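Below is structure-v3.cif, holding mmCIF, C-alpha atoms and all ligand atoms.
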data_model
#
loop_
_atom_site.label_atom_id
_atom_site.label_comp_id
_atom_site.auth_asym_id
_atom_site.auth_seq_id
_atom_site.Cartn_x
_atom_site.Cartn_y
_atom_site.Cartn_z
CA MET A 127 154.19 113.71 92.07
CA TYR A 128 155.48 110.34 90.88
CA ILE A 129 155.64 107.57 93.50
CA ALA A 130 158.31 104.98 92.77
CA VAL A 131 156.97 101.53 93.63
CA SER A 132 159.83 99.39 92.31
CA GLY A 133 162.70 101.34 93.86
CA GLU A 134 164.15 101.99 90.41
CA MET A 135 163.84 105.17 88.39
CA PRO A 136 161.47 104.36 85.50
CA LEU A 137 161.81 105.35 81.89
CA PRO A 138 159.62 108.39 81.03
CA ALA A 139 157.13 106.23 79.02
CA GLN A 140 156.45 103.99 82.05
CA LYS A 141 155.57 106.77 84.45
CA LYS A 142 151.81 106.97 83.85
CA LYS A 143 151.21 103.19 83.95
CA GLN A 144 153.02 102.68 87.25
CA LYS A 145 151.29 105.65 88.88
CA ARG A 146 147.83 104.11 88.17
CA HIS A 147 148.93 100.75 89.55
CA ALA A 148 150.13 102.34 92.79
CA ARG A 149 146.71 103.93 93.45
CA ARG A 150 144.51 100.88 92.72
CA PRO A 151 142.66 99.60 95.84
CA HIS A 152 143.52 96.20 97.21
CA ARG A 153 140.44 94.30 96.05
CA THR A 154 141.42 90.86 97.28
CA LYS A 155 141.68 92.20 100.78
CA LEU A 156 138.18 93.77 100.62
CA ARG A 157 136.57 90.60 99.22
CA GLY A 158 138.03 88.43 101.91
CA ARG A 159 136.87 90.64 104.77
CA ARG A 160 134.91 88.74 107.41
CA THR A 161 131.33 89.75 108.14
CA ASN A 162 128.22 88.38 109.85
CA LYS A 163 125.81 89.94 107.37
CA PRO A 164 123.64 87.42 105.49
CA VAL A 165 124.54 86.88 101.84
CA ILE A 166 121.50 87.44 99.61
CA CYS A 167 121.54 85.73 96.21
CA CYS A 168 117.88 86.13 95.29
CA VAL A 169 115.26 88.82 95.95
CA ILE A 170 111.54 88.21 95.51
CA PHE A 171 109.57 91.43 95.05
CA ASP A 172 105.86 91.98 95.41
CA LEU A 173 104.38 94.27 92.71
CA ASP A 174 101.56 96.56 93.97
CA ASP A 175 102.79 99.25 96.35
CA THR A 176 106.26 97.69 96.29
CA LEU A 177 107.63 98.40 92.80
CA TYR A 178 105.09 101.11 91.90
CA ASP A 179 102.66 103.40 93.71
CA CYS A 180 99.44 101.39 93.49
CA LEU A 181 97.70 103.60 96.06
CA ARG A 182 98.04 106.73 93.93
CA GLU A 183 98.06 105.22 90.46
CA ARG A 184 95.41 102.50 90.74
CA VAL A 185 93.27 102.59 93.88
CA PRO A 186 91.04 105.63 93.11
CA ALA A 187 90.40 104.34 89.56
CA ALA A 188 89.57 100.85 90.86
CA HIS A 189 87.10 102.26 93.41
CA ARG A 190 85.47 104.38 90.69
CA HIS A 191 85.15 101.28 88.52
CA ALA A 192 83.64 99.33 91.44
CA ALA A 193 81.22 102.20 92.18
CA GLN A 194 79.97 102.14 88.58
CA ALA A 195 79.51 98.35 88.80
CA MET A 196 77.49 98.74 92.02
CA VAL A 197 75.15 101.21 90.32
CA GLU A 198 74.73 98.85 87.36
CA ALA A 199 74.04 95.97 89.77
CA GLY A 200 71.18 97.87 91.44
CA ILE A 201 72.31 100.46 94.00
CA LYS A 202 69.94 103.42 93.78
CA ALA A 203 72.43 106.31 93.66
CA ASP A 204 74.71 107.89 91.11
CA ALA A 205 78.25 106.57 90.63
CA ASP A 206 79.86 109.69 92.17
CA ALA A 207 77.92 109.28 95.43
CA VAL A 208 78.81 105.56 95.58
CA TYR A 209 82.47 106.40 94.86
CA ARG A 210 82.54 108.92 97.73
CA ALA A 211 80.93 106.36 100.06
CA ARG A 212 83.52 103.76 99.01
CA MET A 213 86.42 106.12 99.66
CA ARG A 214 84.98 106.97 103.12
CA ALA A 215 84.62 103.25 103.90
CA PHE A 216 88.14 102.60 102.54
CA ARG A 217 89.63 105.13 104.97
CA ASN A 218 87.96 103.27 107.86
CA ASP A 219 88.70 99.80 106.48
CA PRO A 220 91.91 99.93 104.45
CA MET A 221 92.02 96.14 104.27
CA LEU A 222 88.74 96.20 102.31
CA ARG A 223 87.15 93.53 104.51
CA TYR A 224 83.79 95.22 104.98
CA ILE A 225 83.81 97.96 102.38
CA ASP A 226 81.17 96.45 100.05
CA ALA A 227 78.86 95.50 102.94
CA GLU A 228 79.23 99.00 104.39
CA VAL A 229 78.40 100.72 101.11
CA THR A 230 75.40 98.48 100.28
CA ARG A 231 74.06 99.09 103.81
CA HIS A 232 74.57 102.85 103.46
CA PHE A 233 72.43 102.93 100.31
CA GLY A 234 69.89 100.36 101.58
CA ALA A 235 70.57 98.02 98.65
CA GLU A 236 68.00 95.27 98.10
CA ASN A 237 70.44 92.63 96.91
CA PRO A 238 73.64 93.34 98.85
CA GLU A 239 75.44 90.07 98.12
CA ALA A 240 75.10 90.30 94.33
CA ILE A 241 76.09 93.98 94.41
CA SER A 242 79.11 93.23 96.60
CA LEU A 243 80.20 90.47 94.24
CA ALA A 244 79.89 92.81 91.24
CA ALA A 245 81.91 95.45 93.14
CA ARG A 246 84.71 93.02 94.02
CA GLU A 247 84.96 91.74 90.45
CA ALA A 248 85.05 95.30 89.10
CA TYR A 249 87.63 96.37 91.69
CA PHE A 250 90.04 93.59 90.74
CA ASN A 251 89.36 93.91 87.00
CA CYS A 252 89.66 97.66 86.60
CA PRO A 253 91.32 98.32 83.21
CA VAL A 254 95.00 99.24 83.42
CA GLY A 255 96.20 102.61 82.14
CA ARG A 256 99.72 104.00 82.03
CA LEU A 257 101.76 103.16 85.11
CA LYS A 258 105.30 104.03 86.12
CA PRO A 259 107.58 102.30 88.63
CA PHE A 260 108.80 104.11 91.75
CA PRO A 261 111.90 106.17 90.82
CA GLY A 262 114.05 103.79 92.89
CA SER A 263 112.69 100.49 91.53
CA LEU A 264 114.61 100.02 88.28
CA PRO A 265 117.95 101.31 89.65
CA LEU A 266 117.58 98.85 92.54
CA LEU A 267 116.71 95.87 90.33
CA ARG A 268 119.59 96.63 87.98
CA SER A 269 122.10 97.21 90.72
CA LEU A 270 121.20 93.88 92.35
CA ALA A 271 121.37 92.06 89.00
CA ARG A 272 124.85 93.54 88.35
CA ARG A 273 125.97 91.92 91.59
CA GLY A 274 124.64 88.56 90.47
CA VAL A 275 121.45 88.66 92.58
CA ARG A 276 118.54 86.90 90.87
CA ASN A 277 115.39 89.06 90.91
CA PHE A 278 111.84 87.71 90.77
CA ILE A 279 108.40 89.27 91.08
CA VAL A 280 105.44 87.48 92.64
CA SER A 281 102.27 89.46 92.11
CA PHE A 282 98.83 88.77 93.60
CA GLY A 283 95.47 89.55 92.04
CA GLU A 284 93.62 88.86 88.81
CA PRO A 285 96.41 87.40 86.61
CA LYS A 286 95.12 89.09 83.43
CA ILE A 287 95.14 92.50 85.15
CA GLN A 288 98.47 91.90 86.92
CA ARG A 289 100.03 91.00 83.54
CA ALA A 290 98.67 94.24 82.06
CA LYS A 291 100.21 96.19 84.98
CA VAL A 292 103.58 94.49 84.47
CA GLU A 293 103.43 95.34 80.77
CA SER A 294 102.46 98.96 81.44
CA LEU A 295 105.35 99.28 83.91
CA GLY A 296 107.77 97.81 81.33
CA LEU A 297 108.78 95.04 83.74
CA ASP A 298 107.95 92.24 81.28
CA ARG A 299 110.93 93.32 79.17
CA GLU A 300 113.28 94.28 82.01
CA PRO A 301 116.43 92.12 81.77
CA SER A 302 117.23 92.48 85.48
CA ILE A 303 114.12 90.38 86.33
CA GLU A 304 114.52 86.63 85.85
CA LYS A 305 110.85 85.61 86.03
CA ILE A 306 107.45 86.90 87.13
CA TYR A 307 104.88 84.68 88.87
CA TYR A 308 101.18 85.46 89.20
CA ALA A 309 99.51 84.34 92.43
CA ASP A 310 95.75 84.49 91.94
CA ARG A 311 92.61 85.16 93.96
CA GLY A 312 91.38 81.64 93.28
CA ASN A 313 94.52 80.23 94.96
CA VAL A 314 95.54 78.18 91.91
CA LEU A 315 98.99 79.54 92.78
CA THR A 316 99.48 81.02 96.25
CA LYS A 317 102.33 83.36 97.12
CA GLU A 318 103.91 80.68 99.26
CA ALA A 319 103.74 78.14 96.43
CA ALA A 320 105.34 80.68 94.09
CA PHE A 321 108.14 81.28 96.63
CA ARG A 322 108.73 77.51 96.80
CA LYS A 323 108.96 77.33 93.00
CA ILE A 324 111.58 80.09 93.03
CA GLN A 325 113.56 78.34 95.74
CA LYS A 326 113.48 75.09 93.75
CA ARG A 327 114.48 76.88 90.55
CA THR A 328 117.40 78.74 92.13
CA ARG A 329 118.46 75.86 94.43
CA LEU A 330 119.22 78.43 97.12
CA LYS A 331 118.87 78.11 100.86
CA SER A 332 116.06 80.10 102.49
CA SER A 333 118.72 82.15 104.28
CA GLU A 334 119.99 83.38 100.87
CA ILE A 335 116.57 84.66 99.76
CA LEU A 336 115.01 88.02 100.63
CA VAL A 337 111.31 88.84 100.25
CA VAL A 338 110.30 92.50 99.80
CA GLY A 339 106.66 93.55 100.01
CA ASP A 340 104.07 95.74 101.71
CA ARG A 341 101.58 93.25 103.19
CA PRO A 342 102.28 91.47 106.48
CA ALA A 343 99.53 88.89 105.93
CA ARG A 344 100.71 87.94 102.45
CA GLU A 345 104.33 88.04 101.30
CA ILE A 346 105.83 88.75 104.74
CA ARG A 347 104.04 85.81 106.32
CA ALA A 348 104.74 83.50 103.36
CA GLY A 349 108.44 84.43 103.36
CA LYS A 350 108.76 83.92 107.11
CA ASP A 351 106.98 80.56 106.94
CA LEU A 352 109.71 79.42 104.53
CA GLY A 353 112.54 80.83 106.66
CA MET A 354 113.45 83.61 104.20
CA HIS A 355 114.51 87.14 105.15
CA THR A 356 111.68 89.68 104.93
CA VAL A 357 111.49 93.43 104.41
CA ARG A 358 108.29 95.44 104.60
CA LEU A 359 107.87 98.60 102.57
CA LEU A 360 105.64 100.76 104.75
CA HIS A 361 103.63 102.45 102.05
CA GLY A 362 100.34 102.41 100.22
CA GLU A 363 96.92 100.87 100.43
CA PHE A 364 97.79 98.50 103.29
CA LYS A 365 100.17 100.76 105.22
CA ALA A 366 97.85 100.77 108.25
CA GLN A 367 97.71 96.97 108.40
CA LYS A 368 99.34 95.69 111.59
CA PRO A 369 101.08 92.31 111.72
CA ALA A 370 98.67 89.78 113.28
CA GLY A 371 101.52 88.28 115.34
CA PRO A 372 105.25 87.48 115.26
CA GLU A 373 104.66 85.30 112.18
CA GLU A 374 103.86 88.51 110.23
CA GLU A 375 106.58 90.74 111.70
CA PRO A 376 109.16 91.59 109.02
CA ASP A 377 112.89 91.54 109.77
CA CYS A 378 113.22 95.15 108.56
CA VAL A 379 110.88 98.02 107.69
CA ILE A 380 111.70 100.64 105.05
CA ARG A 381 109.77 103.62 103.63
CA ASN A 382 111.36 103.82 100.20
CA ILE A 383 112.16 100.95 97.84
CA ALA A 384 115.64 102.41 97.20
CA ASP A 385 116.44 101.76 100.88
CA VAL A 386 116.67 98.00 100.24
CA ARG A 387 120.29 98.47 99.13
CA LYS A 388 121.14 100.13 102.47
CA LEU A 389 120.02 97.10 104.51
CA PRO A 390 122.63 95.03 106.32
CA PHE A 391 123.05 92.27 103.72
CA ILE A 392 125.83 91.24 101.39
CA TRP A 393 124.41 91.36 97.84
CA GLY A 394 125.49 88.41 95.72
CA ARG A 395 128.27 85.94 96.36
MG MG A 401 101.53 94.76 97.46
#
Could the structure of this file be written out as structure tokens, please?
Amino acid sequence: MYIAVSGEMPLPAQKKKQKRHARRPHRTKLRGRRTNKPVICCVIFDLDDTLYDCLRERVPAAHRHAAQAMVEAGIKADADAVYRARMRAFRNDPMLRYIDAEVTRHFGAENPEAISLAAREAYFNCPVGRLKPFPGSLPLLRSLARRGVRNFIVSFGEPKIQRAKVESLGLDREPSIEKIYYADRGNVLTKEAAFRKIQKRTRLKSSEILVVGDRPAREIRAGKDLGMHTVRLLHGEFKAQKPAGPEEEPDCVIRNIADVRKLPFIWGR
């Protein structure tokens, strides 16, 4: 049924055009609506276990690689037995603090420090195969970018390996990501320093920046130290890690990366 908006009977050719106009939502009114939700103009994502499933796609392969390196460095057992011992130790110590010491002790290794060093190097330098992002990662990045939110990734690890992961995931050529920073084990660039660089580059207030990651002691703590909003994705290798104190407590916890969009923020100005 035609709804007359002008009060005059239209000519037949005008009918369709005026009908569409009458049904269009009042956008100005929606935009101007008052809200207390923080406005987020920039999101900083962690990589491992945040944008892809590192626990399933990388961790077993990295432990196998480390097991092989331990055998080559002098443990008297075959690589399968060392791998099984590593995975047992990993279940008890998901933060990997004592895993190498535990495994060298288990096999009575003669030179535990050198073997542990070889294991750590192998673990962080395990060659990268084919990886795929979580199903929700790219839709989230693109939806934020469409709203004018600037997306960054800050990854921690061996920069050469982290770059290979990014390439395998296709994130190096993803237009919705403005820049990727590589924090390294040698602390040439820490996560906090990378966050500062992003803040300087974007000239945004801390209250306009959101950090999303899985590790309380790393990105959550660094984000909180700088006064940014923080979201923890409760998933993966470090899922069991508890915040050491209020300085590592995230503002929100989610279980799926796609849930970021459902959080109580306004996305983009
Ligand atoms: Mg991570």
Nearby residues, ligand MG 401 (chain A), 10 Å, all atoms listed in the file, as a list in words: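 With all atoms listed in the file and a cut-off of 10 Å, ligand MG 401 (chain A) is contacted by Phe171, Asp172, Leu173, Asp174, Asp175, Thr176, Leu177, Tyr178, Asp179, Cys180, Leu181, Val280, Ser281, Phe282, Gly283, Val338, Gly339, Asp340, Arg341, Pro342, Arg344, Glu345, Arg358, Leu359, His361, Gly362, Glu363, Phe364 and Lys365 of chain A.
Coordinates place atom CA of A:Glu375 at a distance of 24.3 Å from atom CA of A:Val275.
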For stretch 227-297 of chain A against stretch 198-216 of chain A, with a cut-off of 7 Å and counting only C-alpha atoms, what is the closest atom pair and its distance in Å to one decimal for every residue that makes the cut, ordered by chain and number, as CSV?
residue,atom,partner,partner_atom,distance
A:Glu228,CA,A:Ala215,CA,6.9
A:Val229,CA,A:Ala211,CA,6.3
A:Phe233,CA,A:Ile201,CA,6.8
A:Ala235,CA,A:Ile201,CA,5.5
A:Ile241,CA,A:Ala199,CA,5.4
A:Ala244,CA,A:Ala199,CA,6.8
Correct to one decimal, the distance atom CA of A:Arg395-atom CA of A:Arg268 is 16.1 Å
Residue nearest A:Ala343 - candidates A:Met221, A:Ala370, A:Ile324, A:Val386, atoms counted: all atoms listed in the file: A:Ala370
Leaving out A:Leu330 and any residue of its chain fewer than 5 positions from it, which residues lie within 9 Å of it when counting all atoms listed in the file, given as a VMD selection string? chain A and resid 167 to 168 324 to 325 335
What's around stretch 287-298 of chain A at 12 Å? Count all atoms listed in the file, leave out sequence neighbours fewer than 4 positions away in its own chain, and write the answer as a ChimeraX atom specification. /A:171-174,177-180,183-184,188,247-261,263-264,267-268,277-283,302-311
Using atom CA of A:Glu373 and atom CA of A:Asp351 as the two end points, give the distance in Å to one decimal.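 Separation between atom CA of A:Glu373 and atom CA of A:Asp351: 7.4 Å.
The protein and nucleic acid residues lying at most 12 Å from A:Pro164 are Arg160, Cys168, Lys331, Ser332, Ser333, Glu334, Ile335, Leu336, Met354, His355, Leu389, Pro390, Phe391, Ile392, Trp393, Gly394 and Arg395 of chain A, with only C-alpha atoms considered and sequence neighbours fewer than 4 positions away removed.
Minimum distance to A:Arg190 across A:Asp226, A:Leu352, A:Ala245, A:Arg347 (counting all atoms listed in the file) occurs at A:Ala245.
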Rebuild stretch 317-347 of chain A so that it carries N, CA and C atoms, then output the result as a PDB file, in the coordinates of the input.
ATOM      1  N   LYS A 317     101.008  82.717  97.036  1.00  0.00           N
ATOM      2  CA  LYS A 317     102.330  83.360  97.120  1.00  0.00           C
ATOM      3  C   LYS A 317     103.361  82.373  97.655  1.00  0.00           C
ATOM      4  N   GLU A 318     102.964  81.624  98.664  1.00  0.00           N
ATOM      5  CA  GLU A 318     103.910  80.680  99.260  1.00  0.00           C
ATOM      6  C   GLU A 318     104.345  79.632  98.243  1.00  0.00           C
ATOM      7  N   ALA A 319     103.389  79.142  97.446  1.00  0.00           N
ATOM      8  CA  ALA A 319     103.740  78.140  96.430  1.00  0.00           C
ATOM      9  C   ALA A 319     104.688  78.746  95.394  1.00  0.00           C
ATOM     10  N   ALA A 320     104.450  80.012  95.045  1.00  0.00           N
ATOM     11  CA  ALA A 320     105.340  80.680  94.090  1.00  0.00           C
ATOM     12  C   ALA A 320     106.750  80.825  94.678  1.00  0.00           C
ATOM     13  N   PHE A 321     106.829  81.147  95.974  1.00  0.00           N
ATOM     14  CA  PHE A 321     108.140  81.280  96.630  1.00  0.00           C
ATOM     15  C   PHE A 321     108.875  79.926  96.600  1.00  0.00           C
ATOM     16  N   ARG A 322     108.118  78.858  96.837  1.00  0.00           N
ATOM     17  CA  ARG A 322     108.730  77.510  96.800  1.00  0.00           C
ATOM     18  C   ARG A 322     109.278  77.204  95.406  1.00  0.00           C
ATOM     19  N   LYS A 323     108.509  77.567  94.384  1.00  0.00           N
ATOM     20  CA  LYS A 323     108.960  77.330  93.000  1.00  0.00           C
ATOM     21  C   LYS A 323     110.281  78.063  92.743  1.00  0.00           C
ATOM     22  N   ILE A 324     110.354  79.294  93.243  1.00  0.00           N
ATOM     23  CA  ILE A 324     111.580  80.090  93.030  1.00  0.00           C
ATOM     24  C   ILE A 324     112.755  79.442  93.759  1.00  0.00           C
ATOM     25  N   GLN A 325     112.480  78.975  94.968  1.00  0.00           N
ATOM     26  CA  GLN A 325     113.560  78.340  95.740  1.00  0.00           C
ATOM     27  C   GLN A 325     114.060  77.077  95.025  1.00  0.00           C
ATOM     28  N   LYS A 326     113.103  76.321  94.475  1.00  0.00           N
ATOM     29  CA  LYS A 326     113.480  75.090  93.750  1.00  0.00           C
ATOM     30  C   LYS A 326     114.278  75.440  92.491  1.00  0.00           C
ATOM     31  N   ARG A 327     113.822  76.469  91.790  1.00  0.00           N
ATOM     32  CA  ARG A 327     114.480  76.880  90.550  1.00  0.00           C
ATOM     33  C   ARG A 327     115.899  77.376  90.792  1.00  0.00           C
ATOM     34  N   THR A 328     116.073  78.150  91.873  1.00  0.00           N
ATOM     35  CA  THR A 328     117.400  78.740  92.130  1.00  0.00           C
ATOM     36  C   THR A 328     118.308  77.809  92.929  1.00  0.00           C
ATOM     37  N   ARG A 329     117.716  76.793  93.565  1.00  0.00           N
ATOM     38  CA  ARG A 329     118.460  75.860  94.430  1.00  0.00           C
ATOM     39  C   ARG A 329     119.217  76.605  95.532  1.00  0.00           C
ATOM     40  N   LEU A 330     118.589  77.654  96.049  1.00  0.00           N
ATOM     41  CA  LEU A 330     119.220  78.430  97.120  1.00  0.00           C
ATOM     42  C   LEU A 330     118.617  78.048  98.464  1.00  0.00           C
ATOM     43  N   LYS A 331     119.404  78.311  99.508  1.00  0.00           N
ATOM     44  CA  LYS A 331     118.870  78.110 100.860  1.00  0.00           C
ATOM     45  C   LYS A 331     117.933  79.272 101.178  1.00  0.00           C
ATOM     46  N   SER A 332     116.988  79.022 102.096  1.00  0.00           N
ATOM     47  CA  SER A 332     116.060  80.100 102.490  1.00  0.00           C
ATOM     48  C   SER A 332     116.828  81.316 103.001  1.00  0.00           C
ATOM     49  N   SER A 333     117.940  81.059 103.687  1.00  0.00           N
ATOM     50  CA  SER A 333     118.720  82.150 104.280  1.00  0.00           C
ATOM     51  C   SER A 333     119.422  83.013 103.214  1.00  0.00           C
ATOM     52  N   GLU A 334     119.371  82.590 101.947  1.00  0.00           N
ATOM     53  CA  GLU A 334     119.990  83.380 100.870  1.00  0.00           C
ATOM     54  C   GLU A 334     118.933  84.150 100.062  1.00  0.00           C
ATOM     55  N   ILE A 335     117.669  84.038 100.510  1.00  0.00           N
ATOM     56  CA  ILE A 335     116.570  84.660  99.760  1.00  0.00           C
ATOM     57  C   ILE A 335     115.924  85.764 100.604  1.00  0.00           C
ATOM     58  N   LEU A 336     115.667  86.896  99.962  1.00  0.00           N
ATOM     59  CA  LEU A 336     115.010  88.020 100.630  1.00  0.00           C
ATOM     60  C   LEU A 336     113.679  88.301  99.952  1.00  0.00           C
ATOM     61  N   VAL A 337     112.638  88.488 100.769  1.00  0.00           N
ATOM     62  CA  VAL A 337     111.310  88.840 100.250  1.00  0.00           C
ATOM     63  C   VAL A 337     111.037  90.300 100.588  1.00  0.00           C
ATOM     64  N   VAL A 338     110.608  91.078  99.585  1.00  0.00           N
ATOM     65  CA  VAL A 338     110.300  92.500  99.800  1.00  0.00           C
ATOM     66  C   VAL A 338     108.857  92.746  99.402  1.00  0.00           C
ATOM     67  N   GLY A 339     108.057  93.268 100.330  1.00  0.00           N
ATOM     68  CA  GLY A 339     106.660  93.550 100.010  1.00  0.00           C
ATOM     69  C   GLY A 339     106.027  94.460 101.032  1.00  0.00           C
ATOM     70  N   ASP A 340     104.741  94.774 100.818  1.00  0.00           N
ATOM     71  CA  ASP A 340     104.070  95.740 101.710  1.00  0.00           C
ATOM     72  C   ASP A 340     103.032  95.104 102.627  1.00  0.00           C
ATOM     73  N   ARG A 341     102.699  93.810 102.419  1.00  0.00           N
ATOM     74  CA  ARG A 341     101.580  93.250 103.190  1.00  0.00           C
ATOM     75  C   ARG A 341     102.030  92.165 104.163  1.00  0.00           C
ATOM     76  N   PRO A 342     101.864  92.454 105.464  1.00  0.00           N
ATOM     77  CA  PRO A 342     102.280  91.470 106.480  1.00  0.00           C
ATOM     78  C   PRO A 342     101.587  90.122 106.308  1.00  0.00           C
ATOM     79  N   ALA A 343     100.284  90.150 105.981  1.00  0.00           N
ATOM     80  CA  ALA A 343      99.530  88.890 105.930  1.00  0.00           C
ATOM     81  C   ALA A 343      99.796  88.085 104.659  1.00  0.00           C
ATOM     82  N   ARG A 344     100.446  88.678 103.698  1.00  0.00           N
ATOM     83  CA  ARG A 344     100.710  87.940 102.450  1.00  0.00           C
ATOM     84  C   ARG A 344     102.195  87.592 102.319  1.00  0.00           C
ATOM     85  N   GLU A 345     102.953  88.439 101.618  1.00  0.00           N
ATOM     86  CA  GLU A 345     104.330  88.040 101.300  1.00  0.00           C
ATOM     87  C   GLU A 345     105.226  87.946 102.534  1.00  0.00           C
ATOM     88  N   ILE A 346     104.972  88.806 103.548  1.00  0.00           N
ATOM     89  CA  ILE A 346     105.830  88.750 104.740  1.00  0.00           C
ATOM     90  C   ILE A 346     105.611  87.412 105.449  1.00  0.00           C
ATOM     91  N   ARG A 347     104.365  87.059 105.648  1.00  0.00           N
ATOM     92  CA  ARG A 347     104.040  85.810 106.320  1.00  0.00           C
ATOM     93  C   ARG A 347     104.556  84.603 105.514  1.00  0.00           C
TER      94      ARG A 347
END
